[in-house]
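Undergrad: Got a file for you: target_11.tsv, TSV, C-alpha atoms and all ligand atoms.
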```
chain	number	residue	atom	x	y	z
A	982	THR	CA	50.24	-9.66	-18.09
A	983	LYS	CA	50.98	-9.13	-21.78
A	984	VAL	CA	53.80	-11.49	-22.74
A	985	LEU	CA	55.67	-12.05	-25.99
A	986	LEU	CA	57.08	-15.56	-26.43
A	987	THR	CA	59.51	-16.33	-29.26
A	988	GLY	CA	59.79	-19.75	-30.87
A	989	GLY	CA	56.27	-20.85	-29.85
A	990	SER	CA	56.59	-24.01	-31.97
A	991	GLY	CA	59.45	-25.36	-29.84
A	992	PHE	CA	59.27	-28.27	-27.42
A	993	ILE	CA	59.84	-26.15	-24.30
A	994	ALA	CA	57.98	-23.09	-25.61
A	995	ALA	CA	54.83	-25.11	-26.33
A	996	HIS	CA	54.67	-25.91	-22.61
A	997	ILE	CA	55.41	-22.30	-21.67
A	998	LEU	CA	52.56	-21.24	-23.95
A	999	GLU	CA	50.12	-23.70	-22.36
A	1000	GLN	CA	51.06	-22.58	-18.85
A	1001	LEU	CA	50.80	-18.89	-19.76
A	1002	LEU	CA	47.30	-19.39	-21.16
A	1003	VAL	CA	46.20	-21.40	-18.11
A	1004	LYS	CA	47.34	-18.46	-15.99
A	1005	ASN	CA	45.25	-16.06	-18.10
A	1006	HIS	CA	48.11	-14.07	-19.54
A	1007	THR	CA	47.76	-12.42	-22.94
A	1008	VAL	CA	50.30	-13.94	-25.30
A	1009	ILE	CA	51.84	-13.01	-28.61
A	1010	THR	CA	54.00	-15.84	-29.86
A	1011	THR	CA	56.33	-15.90	-32.85
A	1012	VAL	CA	57.10	-18.80	-35.16
A	1013	ARG	CA	59.18	-19.26	-38.28
A	1014	THR	CA	56.48	-20.32	-40.77
A	1015	GLU	CA	52.77	-19.85	-41.36
A	1016	GLU	CA	52.29	-23.63	-41.29
A	1017	LYS	CA	53.51	-23.72	-37.67
A	1018	ALA	CA	51.39	-20.70	-36.84
A	1019	GLN	CA	48.30	-22.54	-38.09
A	1020	LYS	CA	49.06	-25.57	-35.92
A	1021	ILE	CA	49.34	-23.46	-32.79
A	1022	ARG	CA	46.15	-21.55	-33.59
A	1023	ALA	CA	44.33	-24.84	-34.17
A	1024	ALA	CA	45.50	-26.16	-30.80
A	1025	HIS	CA	44.17	-23.12	-28.88
A	1026	PRO	CA	40.91	-22.09	-30.57
A	1027	ASP	CA	39.37	-20.56	-27.42
A	1028	SER	CA	42.35	-18.35	-26.61
A	1029	ILE	CA	42.47	-17.19	-30.24
A	1030	GLN	CA	38.78	-16.37	-30.20
A	1031	GLN	CA	39.06	-14.45	-26.91
A	1032	GLY	CA	41.97	-12.45	-28.32
A	1033	ARG	CA	44.33	-13.79	-25.66
A	1034	LEU	CA	46.63	-15.48	-28.15
A	1035	THR	CA	48.16	-14.06	-31.32
A	1036	VAL	CA	50.56	-16.10	-33.43
A	1037	VAL	CA	52.91	-14.14	-35.69
A	1038	THR	CA	55.35	-15.38	-38.35
A	1039	VAL	CA	58.85	-13.85	-38.20
A	1040	GLY	CA	60.90	-16.00	-40.59
A	1041	ASP	CA	64.52	-16.93	-39.96
A	1042	ILE	CA	65.84	-15.22	-36.83
A	1043	ALA	CA	69.36	-15.18	-38.29
A	1044	GLN	CA	68.00	-12.02	-40.00
A	1045	PRO	CA	68.94	-9.21	-37.60
A	1046	THR	CA	65.63	-7.38	-38.13
A	1047	ALA	CA	63.38	-10.46	-37.78
A	1048	PHE	CA	61.68	-9.23	-34.58
A	1049	ASP	CA	61.42	-5.50	-35.38
A	1050	GLU	CA	57.91	-5.54	-36.74
A	1051	VAL	CA	56.31	-7.84	-34.17
A	1052	ILE	CA	57.79	-5.88	-31.27
A	1053	ALA	CA	56.77	-2.49	-32.70
A	1054	ALA	CA	53.26	-3.71	-33.48
A	1055	ASN	CA	52.70	-5.17	-30.00
A	1056	ALA	CA	54.68	-2.70	-27.89
A	1057	ASP	CA	51.64	-1.14	-26.30
A	1058	GLY	CA	51.41	-2.46	-22.73
A	1059	LEU	CA	53.93	-5.22	-23.36
A	1060	GLU	CA	55.61	-6.11	-20.04
A	1061	VAL	CA	57.47	-9.36	-20.53
A	1062	VAL	CA	59.41	-11.02	-23.33
A	1063	LEU	CA	60.40	-14.69	-23.16
A	1064	HIS	CA	63.02	-15.48	-25.81
A	1065	THR	CA	63.31	-19.23	-26.34
A	1066	ALA	CA	63.96	-19.48	-30.08
A	1067	SER	CA	67.43	-20.78	-30.90
A	1068	PRO	CA	68.57	-23.79	-32.92
A	1069	PHE	CA	68.90	-26.98	-30.88
A	1070	HIS	CA	69.71	-29.79	-33.29
A	1071	PHE	CA	72.73	-31.23	-35.03
A	1072	LYS	CA	71.31	-31.27	-38.54
A	1073	TRP	CA	73.18	-28.20	-39.77
A	1074	THR	CA	75.90	-28.33	-42.38
A	1075	ASP	CA	77.37	-24.91	-41.59
A	1076	ALA	CA	77.58	-24.04	-37.91
A	1077	GLN	CA	78.10	-20.32	-38.49
A	1078	THR	CA	75.04	-19.60	-40.63
A	1079	GLU	CA	72.65	-22.25	-39.32
A	1080	LEU	CA	73.49	-22.33	-35.61
A	1081	ILE	CA	75.55	-19.39	-34.39
A	1082	ASP	CA	73.96	-16.65	-36.52
A	1083	PRO	CA	70.37	-17.42	-35.44
A	1084	ALA	CA	71.46	-17.81	-31.80
A	1085	LEU	CA	73.36	-14.49	-31.69
A	1086	ASN	CA	71.38	-12.39	-34.17
A	1087	GLY	CA	68.11	-13.61	-32.68
A	1088	THR	CA	69.17	-12.55	-29.19
A	1089	ARG	CA	70.71	-9.24	-30.26
A	1090	GLY	CA	67.79	-8.53	-32.61
A	1091	ILE	CA	65.08	-8.99	-30.03
A	1092	LEU	CA	66.93	-6.99	-27.36
A	1093	GLU	CA	67.52	-4.10	-29.77
A	1094	ALA	CA	63.90	-4.13	-30.91
A	1095	ILE	CA	62.60	-4.03	-27.33
A	1096	HIS	CA	65.09	-1.35	-26.30
A	1097	ARG	CA	64.15	0.81	-29.30
A	1098	SER	CA	60.38	0.48	-29.37
A	1099	ALA	CA	58.90	-1.24	-26.29
A	1100	PRO	CA	59.69	0.90	-23.22
A	1101	SER	CA	56.98	-0.76	-21.11
A	1102	VAL	CA	58.89	-4.08	-21.08
A	1103	LYS	CA	60.09	-4.66	-17.52
A	1104	ARG	CA	61.72	-8.04	-17.86
A	1105	VAL	CA	63.26	-10.24	-20.54
A	1106	VAL	CA	63.74	-13.95	-19.87
A	1107	ILE	CA	66.11	-15.82	-22.17
A	1108	THR	CA	66.34	-19.59	-22.48
A	1109	SER	CA	70.04	-20.20	-22.17
A	1110	SER	CA	71.38	-23.64	-21.18
A	1111	PHE	CA	73.65	-25.65	-18.94
A	1112	ALA	CA	75.76	-25.48	-22.11
A	1113	ALA	CA	76.62	-21.89	-21.08
A	1114	VAL	CA	77.47	-23.00	-17.52
A	1115	LEU	CA	79.69	-26.05	-18.01
A	1116	SER	CA	83.29	-26.22	-19.01
A	1117	GLU	CA	84.11	-29.13	-21.33
A	1118	GLU	CA	87.54	-29.50	-19.76
A	1119	ARG	CA	86.11	-29.90	-16.28
A	1120	LEU	CA	83.26	-32.36	-16.99
A	1121	PHE	CA	85.47	-35.21	-15.80
A	1122	ASP	CA	86.90	-33.35	-12.81
A	1123	PRO	CA	85.37	-34.43	-9.46
A	1124	ALA	CA	86.83	-31.29	-7.83
A	1125	THR	CA	84.62	-29.04	-9.98
A	1126	THR	CA	81.19	-27.85	-8.80
A	1127	PHE	CA	79.09	-26.04	-11.42
A	1128	THR	CA	76.69	-23.41	-10.02
A	1129	GLU	CA	74.68	-20.40	-11.17
A	1130	ASP	CA	77.97	-18.47	-11.27
A	1131	SER	CA	79.83	-20.85	-13.59
A	1132	TRP	CA	80.51	-19.84	-17.19
A	1133	ASN	CA	81.55	-21.90	-20.17
A	1134	PRO	CA	84.98	-20.50	-21.08
A	1135	ASP	CA	84.72	-21.47	-24.76
A	1136	GLY	CA	83.98	-18.94	-27.48
A	1137	VAL	CA	82.75	-18.99	-31.06
A	1138	ALA	CA	86.32	-19.71	-32.22
A	1139	ASP	CA	86.04	-23.14	-30.54
A	1140	ALA	CA	82.96	-24.17	-32.55
A	1141	GLY	CA	84.98	-26.44	-34.86
A	1142	ARG	CA	85.96	-28.81	-32.02
A	1143	SER	CA	82.78	-30.91	-32.31
A	1144	PRO	CA	79.05	-30.47	-33.04
A	1145	PRO	CA	78.17	-30.39	-29.30
A	1146	THR	CA	80.86	-27.75	-28.76
A	1147	ALA	CA	79.37	-25.68	-31.59
A	1148	TYR	CA	75.94	-25.81	-29.93
A	1149	ARG	CA	77.42	-24.97	-26.53
A	1150	VAL	CA	79.30	-21.93	-27.81
A	1151	SER	CA	76.18	-20.72	-29.64
A	1152	LYS	CA	74.34	-20.68	-26.32
A	1153	THR	CA	77.24	-19.23	-24.35
A	1154	ALA	CA	77.91	-16.39	-26.77
A	1155	ALA	CA	74.20	-15.56	-27.00
A	1156	GLU	CA	73.83	-15.42	-23.22
A	1157	ARG	CA	76.96	-13.27	-22.79
A	1158	LEU	CA	75.71	-10.93	-25.46
A	1159	ALA	CA	72.44	-10.50	-23.57
A	1160	TRP	CA	74.05	-9.69	-20.19
A	1161	ASP	CA	76.48	-7.30	-21.90
A	1162	PHE	CA	73.64	-5.58	-23.77
A	1163	VAL	CA	71.58	-4.95	-20.65
A	1164	ALA	CA	74.61	-3.61	-18.75
A	1165	ARG	CA	75.84	-1.41	-21.59
A	1166	GLU	CA	72.53	0.04	-22.83
A	1167	LYS	CA	71.01	0.60	-19.37
A	1168	THR	CA	67.75	-0.87	-20.62
A	1169	SER	CA	64.34	-0.24	-19.05
A	1170	PHE	CA	64.07	-4.00	-18.57
A	1171	ASP	CA	66.17	-6.38	-16.53
A	1172	LEU	CA	67.24	-9.86	-17.56
A	1173	VAL	CA	66.82	-13.41	-16.27
A	1174	THR	CA	68.27	-16.47	-17.97
A	1175	VAL	CA	67.05	-20.04	-17.55
A	1176	ASN	CA	69.92	-22.53	-17.87
A	1177	PRO	CA	68.49	-26.06	-18.06
A	1178	PRO	CA	70.45	-29.21	-18.84
A	1179	VAL	CA	68.91	-31.96	-21.02
A	1180	VAL	CA	65.11	-31.59	-21.04
A	1181	PHE	CA	62.83	-34.63	-21.08
A	1182	GLY	CA	59.08	-34.76	-20.94
A	1183	PRO	CA	55.81	-35.10	-22.78
A	1184	VAL	CA	55.17	-33.34	-26.05
A	1185	ALA	CA	52.63	-30.52	-25.64
A	1186	HIS	CA	49.29	-30.73	-27.42
A	1187	SER	CA	50.10	-28.00	-29.88
A	1188	LEU	CA	52.91	-30.07	-31.37
A	1189	ALA	CA	50.97	-32.26	-33.72
A	1190	SER	CA	53.74	-34.37	-35.17
A	1191	LEU	CA	56.78	-36.34	-34.20
A	1192	ASP	CA	58.94	-34.10	-36.41
A	1193	SER	CA	58.81	-31.74	-33.48
A	1194	ILE	CA	60.44	-34.18	-31.07
A	1195	ASN	CA	63.17	-32.16	-29.50
A	1196	THR	CA	66.75	-33.32	-29.64
A	1197	SER	CA	66.82	-34.28	-25.96
A	1198	ASN	CA	63.80	-36.64	-26.19
A	1199	GLU	CA	65.39	-38.42	-29.14
A	1200	ARG	CA	67.06	-40.93	-26.84
A	1201	ILE	CA	63.67	-42.10	-25.53
A	1202	VAL	CA	62.44	-42.41	-29.12
A	1203	ALA	CA	65.53	-44.51	-29.94
A	1204	LEU	CA	64.85	-46.76	-26.96
A	1205	LEU	CA	61.18	-47.29	-27.94
A	1206	ARG	CA	62.16	-48.04	-31.53
A	1207	GLY	CA	64.39	-50.90	-30.39
A	1208	GLU	CA	67.71	-49.20	-31.16
A	1209	TRP	CA	69.11	-50.03	-27.70
A	1210	LYS	CA	68.04	-53.68	-27.64
A	1211	THR	CA	71.56	-55.10	-27.65
A	1212	ARG	CA	73.47	-52.06	-26.41
A	1213	ILE	CA	72.16	-49.03	-24.53
A	1214	GLY	CA	73.31	-45.71	-25.98
A	1215	ASP	CA	76.00	-43.74	-24.11
A	1216	THR	CA	74.72	-41.37	-21.45
A	1217	GLY	CA	77.31	-38.79	-22.47
A	1218	PRO	CA	79.39	-36.72	-20.08
A	1219	VAL	CA	76.60	-34.55	-18.68
A	1220	GLY	CA	73.82	-36.70	-17.23
A	1221	LEU	CA	71.90	-33.78	-15.68
A	1222	TRP	CA	68.28	-33.42	-16.73
A	1223	ILE	CA	65.04	-31.50	-16.04
A	1224	ASP	CA	61.39	-32.13	-16.92
A	1225	VAL	CA	59.98	-29.83	-19.60
A	1226	ARG	CA	57.04	-28.78	-17.38
A	1227	ASP	CA	59.46	-27.62	-14.69
A	1228	ALA	CA	61.64	-25.87	-17.26
A	1229	ALA	CA	58.53	-24.10	-18.57
A	1230	ALA	CA	57.33	-23.18	-15.07
A	1231	ALA	CA	60.76	-21.70	-14.34
A	1232	HIS	CA	60.33	-19.27	-17.27
A	1233	ILE	CA	57.06	-18.06	-15.79
A	1234	LYS	CA	58.40	-17.76	-12.26
A	1235	ALA	CA	61.33	-15.90	-13.77
A	1236	PHE	CA	59.01	-12.97	-14.52
A	1237	GLU	CA	56.58	-13.45	-11.61
A	1238	ILE	CA	59.29	-13.25	-8.93
A	1239	PRO	CA	60.71	-9.71	-8.73
A	1240	GLU	CA	63.97	-10.84	-7.06
A	1241	ALA	CA	64.73	-13.13	-10.00
A	1242	GLY	CA	65.92	-10.06	-11.93
A	1243	GLY	CA	69.59	-10.27	-12.85
A	1244	ARG	CA	69.86	-13.96	-12.02
A	1245	ARG	CA	70.72	-17.11	-13.91
A	1246	LEU	CA	68.34	-19.96	-13.04
A	1247	PHE	CA	70.10	-23.31	-13.01
A	1248	THR	CA	67.10	-25.64	-13.25
A	1249	VAL	CA	68.17	-29.23	-12.63
A	1250	GLY	CA	65.84	-32.09	-11.69
A	1251	GLY	CA	68.69	-34.48	-11.05
A	1252	ARG	CA	71.30	-36.72	-12.57
A	1253	THR	CA	70.37	-39.75	-14.64
A	1254	SER	CA	71.78	-42.32	-17.04
A	1255	ASN	CA	70.45	-44.04	-20.13
A	1256	GLN	CA	70.52	-47.27	-18.10
A	1257	GLU	CA	68.08	-45.74	-15.62
A	1258	VAL	CA	65.86	-44.47	-18.44
A	1259	ALA	CA	65.80	-47.97	-19.97
A	1260	ARG	CA	64.95	-49.54	-16.59
A	1261	ILE	CA	62.03	-47.16	-16.00
A	1262	VAL	CA	60.55	-47.95	-19.40
A	1263	ARG	CA	61.14	-51.72	-19.00
A	1264	GLU	CA	59.40	-51.76	-15.64
A	1265	GLY	CA	56.50	-49.50	-16.55
A	1266	PHE	CA	55.73	-50.43	-20.15
A	1267	PRO	CA	55.77	-54.23	-20.70
A	1268	GLU	CA	54.01	-53.71	-24.05
A	1269	TYR	CA	57.39	-52.56	-25.45
A	1270	ALA	CA	59.26	-55.57	-24.01
A	1271	ASP	CA	60.27	-57.04	-27.38
A	1272	ARG	CA	62.05	-53.81	-28.35
A	1273	LEU	CA	63.69	-52.97	-25.01
A	1274	PRO	CA	67.07	-54.02	-23.65
A	1275	GLY	CA	66.89	-56.53	-20.79
A	1276	PRO	CA	68.54	-55.80	-17.41
A	1277	GLU	CA	71.72	-57.62	-18.56
A	1278	VAL	CA	72.30	-55.41	-21.62
A	1279	PRO	CA	75.44	-53.22	-21.35
A	1280	GLY	CA	75.89	-49.53	-22.14
A	1281	GLY	CA	74.42	-46.27	-20.82
A	1282	GLU	CA	76.06	-46.63	-17.41
A	1283	PRO	CA	75.84	-43.75	-14.93
A	1284	ALA	CA	78.93	-41.56	-14.69
A	1285	ASP	CA	81.55	-42.71	-12.17
A	1286	GLU	CA	81.23	-40.34	-9.21
A	1287	ASN	CA	84.99	-40.17	-8.82
A	1288	LYS	CA	85.44	-39.10	-12.42
A	1289	THR	CA	82.74	-36.52	-12.90
A	1290	PHE	CA	81.85	-32.96	-11.96
A	1291	LYS	CA	79.46	-31.98	-9.17
A	1292	TYR	CA	76.74	-29.35	-9.34
A	1293	ASN	CA	74.93	-27.15	-6.85
A	1294	ASN	CA	71.74	-25.29	-7.76
A	1295	ASP	CA	70.45	-24.57	-4.25
A	1296	ALA	CA	70.10	-20.86	-5.03
A	1297	THR	CA	67.72	-21.58	-7.92
A	1298	TYR	CA	65.78	-24.18	-5.97
A	1299	LYS	CA	65.26	-21.74	-3.08
A	1300	LEU	CA	64.25	-18.87	-5.33
A	1301	LEU	CA	61.75	-20.79	-7.48
A	1302	GLY	CA	60.27	-23.17	-4.93
A	1303	ILE	CA	59.58	-25.80	-7.60
A	1304	GLU	CA	59.56	-29.43	-6.40
A	1305	TRP	CA	61.29	-30.95	-9.41
A	1306	ILE	CA	59.39	-33.73	-11.17
A	1307	SER	CA	61.07	-37.13	-10.66
A	1308	ILE	CA	62.87	-39.04	-13.40
A	1309	GLU	CA	60.33	-41.88	-13.07
A	1310	LYS	CA	57.41	-39.56	-13.75
A	1311	SER	CA	59.20	-37.60	-16.44
A	1312	VAL	CA	60.26	-40.65	-18.45
A	1313	SER	CA	56.90	-42.39	-17.97
A	1314	ASP	CA	54.93	-39.33	-19.08
A	1315	THR	CA	57.26	-38.96	-22.07
A	1316	VAL	CA	56.65	-42.56	-23.12
A	1317	ARG	CA	52.87	-42.16	-22.74
A	1318	SER	CA	53.01	-39.00	-24.85
A	1319	LEU	CA	55.13	-40.63	-27.56
A	1320	LYS	CA	52.77	-43.60	-27.55
A	1321	ALA	CA	49.84	-41.27	-28.12
A	1322	HIS	CA	51.79	-39.82	-31.07
A	1323	GLY	CA	52.18	-43.23	-32.65
A	1324	ILE	CA	55.50	-44.70	-31.57
B	1401	LIG	P1	63.13	-27.01	-30.29
B	1401	LIG	O1	64.01	-27.38	-31.43
B	1401	LIG	O2	61.86	-27.75	-30.12
B	1401	LIG	O3	62.81	-25.45	-30.33
B	1401	LIG	C1	63.64	-24.51	-30.90
B	1401	LIG	C2	62.81	-23.31	-31.28
B	1401	LIG	O4	63.63	-22.31	-31.90
B	1401	LIG	C3	61.73	-23.65	-32.33
B	1401	LIG	O5	60.61	-22.86	-32.11
B	1401	LIG	C4	62.42	-23.26	-33.62
B	1401	LIG	O6	61.55	-22.97	-34.69
B	1401	LIG	C5	63.16	-22.01	-33.18
B	1401	LIG	N1	64.24	-21.73	-34.11
B	1401	LIG	C6	65.41	-22.40	-34.21
B	1401	LIG	N2	66.17	-21.89	-35.19
B	1401	LIG	C7	65.46	-20.86	-35.72
B	1401	LIG	C8	65.70	-19.95	-36.78
B	1401	LIG	N3	66.84	-19.96	-37.48
B	1401	LIG	N4	64.74	-19.04	-37.07
B	1401	LIG	C9	63.57	-19.02	-36.38
B	1401	LIG	N5	63.30	-19.86	-35.36
B	1401	LIG	C10	64.22	-20.77	-35.04
B	1401	LIG	O7	64.03	-27.17	-29.01
B	1401	LIG	P2	63.78	-26.85	-27.47
B	1401	LIG	O8	62.38	-26.49	-27.19
B	1401	LIG	O9	64.38	-27.96	-26.74
B	1401	LIG	O10	64.70	-25.57	-27.30
B	1401	LIG	C11	64.20	-24.30	-26.90
B	1401	LIG	C12	65.30	-23.53	-26.25
B	1401	LIG	O11	65.76	-24.25	-25.12
B	1401	LIG	C13	66.54	-23.30	-27.12
B	1401	LIG	O12	67.00	-22.00	-26.86
B	1401	LIG	C14	67.52	-24.34	-26.61
B	1401	LIG	O13	68.84	-23.94	-26.83
B	1401	LIG	C15	67.16	-24.35	-25.14
B	1401	LIG	N6	67.55	-25.55	-24.41
B	1401	LIG	C16	67.04	-26.78	-24.71
B	1401	LIG	C17	67.41	-27.89	-23.97
B	1401	LIG	C18	66.86	-29.25	-24.26
B	1401	LIG	O14	67.41	-30.25	-23.78
B	1401	LIG	N7	65.78	-29.38	-24.99
B	1401	LIG	C19	68.37	-27.79	-22.88
B	1401	LIG	C20	68.84	-26.45	-22.62
B	1401	LIG	C21	68.43	-25.38	-23.36
B	1401	LIG	P3	61.08	-24.13	-35.71
B	1401	LIG	O15	60.01	-24.90	-34.99
B	1401	LIG	O16	60.56	-23.39	-36.89
B	1401	LIG	O17	62.30	-24.95	-36.02
```
Would you kindly transcribe this structure into structure tokens?
Ligand code: NDP

TA:
Amino acid sequence: TKVLLTGGSGFIAAHILEQLLVKNHTVITTVRTEEKAQKIRAAHPDSIQQGRLTVVTVGDIAQPTAFDEVIAANADGLEVVLHTASPFHFKWTDAQTELIDPALNGTRGILEAIHRSAPSVKRVVITSSFAAVLSEERLFDPATTFTEDSWNPDGVADAGRSPPTAYRVSKTAAERLAWDFVAREKTSFDLVTVNPPVVFGPVAHSLASLDSINTSNERIVALLRGEWKTRIGDTGPVGLWIDVRDAAAAHIKAFEIPEAGGRRLFTVGGRTSNQEVARIVREGFPEYADRLPGPEVPGGEPADENKTFKYNNDATYKLLGIEWISIEKSVSDTVRSLKAHGI
């Protein structure tokens, strides 16, 4: 299948790219800069040589026309588009231009470009997030169960509440825009969204440097650097997680499984805490002992069951048939990968 993958330099997308190539798909992937394009080409010389991988630079996706050219140029026989590119970091100074604009314009821009010039596209898969499922008000409510049908009620006007809120509304508004677009324009393609919570896991080979550590792996980096030695960082109110290889596999199943069309995939491996992450590393990697918190160190406790939301993703589990990778394996593989990258 001919697949276009946006944001190929991203943590999750690098795994999607590897899995697509293993499955012999033909892939066009987009990145922001030529430097990132070169890194991806260098990581997949055989696929480049066989013409199964093309890496294209599209610049800043806050520009509404960023995807026009790459879609028009590759429209012939294109069947699937996987849109993962969207800012996931807290390094911005202006939420509107650096977070919300790329999230919304990127999503609208790619959908418009496909609708206008790529009629052979049958399915679009968008990386949304648990951020578009949860409700901040109900995170501490044990009577709440989040499922595939839950929607974050916040809108762009709520972005000023906190940096995490700004990120969450960027994802929520982008996902809503996509469902609305498909319904309104009666597109030739249908839509699937993947809504993962915090993603852990090893860094893919095409990501050559630690600059590319995604925001969600940062806590494991902090742990290995000794930042939790006397106090483990807060788990935060969410605690749900998924391994990056499962999140990537879900994107591929999202276009392989016909009945996935029109669904939101709530991919959750389980619930964890920073205390559990610290324990797994302490038990499995004695070589880091001098930097790690001992079993007596406070902080990072699991959420109190009586004071936190519940979740149910049975529908996604049944549809995808993925046996989620365990937290032990995910954290251990992440540490091994970070070690190989010099931490
Ligand atoms: P990364 O930061 O590694 O990837 C983000 C990707 O989006 C990169 O390819 C990045 O390009 C691209 N991008 C961001 N902003 C722009 C922009 N303005 N113009 C062009 N490209 C841009 O994070 P992840 O891999 O973790 O995130 C991928 C997707 O998964 C995102 O949509 C994110 O919201 C979603 N997600 C992530 C979760 C997680 O815990 N990791 C959880 C739930 C959802 P560049 O490399 O040039 O910066």

Undergrad: When distances are computed from all atoms listed in the file, which of A:Ala1270, A:Ala1159, A:Ile1194, A:Val1036 shows the smallest separation from ligand LIG 1401 (chain B)?

TA: A:Ile1194

Undergrad: Near Val1175 in chain A, counting only C-alpha atoms, which residues have an atom at most 12 Å away, once you skip same-chain residues fewer than 4 positions from it, shown as number ranges by chain?

TA: A: 993, 1063-1065, 1105-1114, 1129, 1152, 1156, 1223, 1227-1236, 1241-1249, 1297, 1301

Undergrad: Selection from above, C-alpha atoms, as a compact mmCIF listing (two decimals), in the frame of the given file, can you write it?

TA:
```
# COMPACT_ATOMS: atom_id res chain seq x y z
CA ILE A 993 59.84 -26.15 -24.30
CA LEU A 1063 60.40 -14.69 -23.16
CA HIS A 1064 63.02 -15.48 -25.81
CA THR A 1065 63.31 -19.23 -26.34
CA VAL A 1105 63.26 -10.24 -20.54
CA VAL A 1106 63.74 -13.95 -19.87
CA ILE A 1107 66.11 -15.82 -22.17
CA THR A 1108 66.34 -19.59 -22.48
CA SER A 1109 70.04 -20.20 -22.17
CA SER A 1110 71.38 -23.64 -21.18
CA PHE A 1111 73.65 -25.65 -18.94
CA ALA A 1112 75.76 -25.48 -22.11
CA ALA A 1113 76.62 -21.89 -21.08
CA VAL A 1114 77.47 -23.00 -17.52
CA GLU A 1129 74.68 -20.40 -11.17
CA LYS A 1152 74.34 -20.68 -26.32
CA GLU A 1156 73.83 -15.42 -23.22
CA ILE A 1223 65.04 -31.50 -16.04
CA ASP A 1227 59.46 -27.62 -14.69
CA ALA A 1228 61.64 -25.87 -17.26
CA ALA A 1229 58.53 -24.10 -18.57
CA ALA A 1230 57.33 -23.18 -15.07
CA ALA A 1231 60.76 -21.70 -14.34
CA HIS A 1232 60.33 -19.27 -17.27
CA ILE A 1233 57.06 -18.06 -15.79
CA LYS A 1234 58.40 -17.76 -12.26
CA ALA A 1235 61.33 -15.90 -13.77
CA PHE A 1236 59.01 -12.97 -14.52
CA ALA A 1241 64.73 -13.13 -10.00
CA GLY A 1242 65.92 -10.06 -11.93
CA GLY A 1243 69.59 -10.27 -12.85
CA ARG A 1244 69.86 -13.96 -12.02
CA ARG A 1245 70.72 -17.11 -13.91
CA LEU A 1246 68.34 -19.96 -13.04
CA PHE A 1247 70.10 -23.31 -13.01
CA THR A 1248 67.10 -25.64 -13.25
CA VAL A 1249 68.17 -29.23 -12.63
CA THR A 1297 67.72 -21.58 -7.92
CA LEU A 1301 61.75 -20.79 -7.48
```

Undergrad: Using all atoms listed in the file, can you tell me which of A:Arg1200, A:Arg1212, A:Arg1157, A:Arg1252 comes closest to Pro1178 in chain A?

TA: A:Arg1252

Undergrad: As an exercise, work out the distance from CA of Val1012 in chain A to atom O16 of ligand LIG 1401 (chain B) in Å and give it to one decimal place.

TA: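 Distance between the two atoms: 6.0 Å.
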
Undergrad: Taking into account all atoms listed in the file, which residue in the set A:Ala1084, A:Ala1023, A:Ala1056, A:Leu1158 is nearest to ligand LIG 1401 (chain B)?

TA: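 Looking only at the distances to ligand LIG 1401 (chain B), the closest residue turns out to be A:Ala1084.
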
Undergrad: Which residue out of A:Gly1032, A:Gly1141, A:Gly1220, A:Gly1136 has the minimum interatomic distance to ligand LIG 1401 (chain B) when only C-alpha atoms and all ligand atoms are used?

TA: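 With only C-alpha atoms and all ligand atoms as the atom set, the closest residue is A:Gly1220.
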
Undergrad: Restricting the calculation to all atoms listed in the file: of A:Leu998, A:Ala1140, A:Thr1038, A:Thr987, which residue gets closest to Ser1067 in chain A?

TA: A:Thr987

Undergrad: For Phe1071 in chain A, which of A:Val984, A:Ala1147, A:Ile1238, A:Val1219 is the closest residue, counting only C-alpha atoms?

TA: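 Among the listed residues, the smallest separation from Phe1071 in chain A belongs to A:Ala1147.
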
Undergrad: Quick one: distance from CA of Lys1299 in chain A to CA of Gly989 in chain A in Å, one decimal?

TA: 28.3 Å

Undergrad: Tell me which protein, DNA and RNA residues are within 9 Å of range 1280-1292 of chain A, counting only C-alpha atoms, leaving out same-chain ones fewer than 5 positions away, and put them as a list in words.

TA: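 Once the nearby chain positions are removed, what remains is Arg1119, Leu1120, Phe1121, Asp1122, Pro1123, Ala1124, Thr1125, Thr1126, Phe1127, Thr1128, Trp1209, Thr1211, Arg1212, Ile1213, Gly1214, Asp1215, Thr1216, Gly1217, Pro1218, Val1219, Gly1220, Arg1252, Thr1253, Ser1254, Asn1255, Gln1256, Glu1257 and Ala1259 of chain A.
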
Undergrad: Rounded to one decimal, what separation in Å do you get between CA of Asp1171 in chain A and CA of Trp1305 in chain A?

TA: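 One can read the CA of Asp1171 in chain A to CA of Trp1305 in chain A distance as 26.0 Å.
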
Undergrad: Find the residues near range 1001-1011 of chain A: any atom within 10 Å, counting all atoms listed in the file, skip ones fewer than 4 places away on the same chain, and give them as number ranges by chain.

TA: A: 982-990, 994-997, 1017-1018, 1021, 1025, 1028-1029, 1031-1040, 1048, 1051-1052, 1055, 1059, 1061-1064, 1066, 1229-1230, 1232-1233
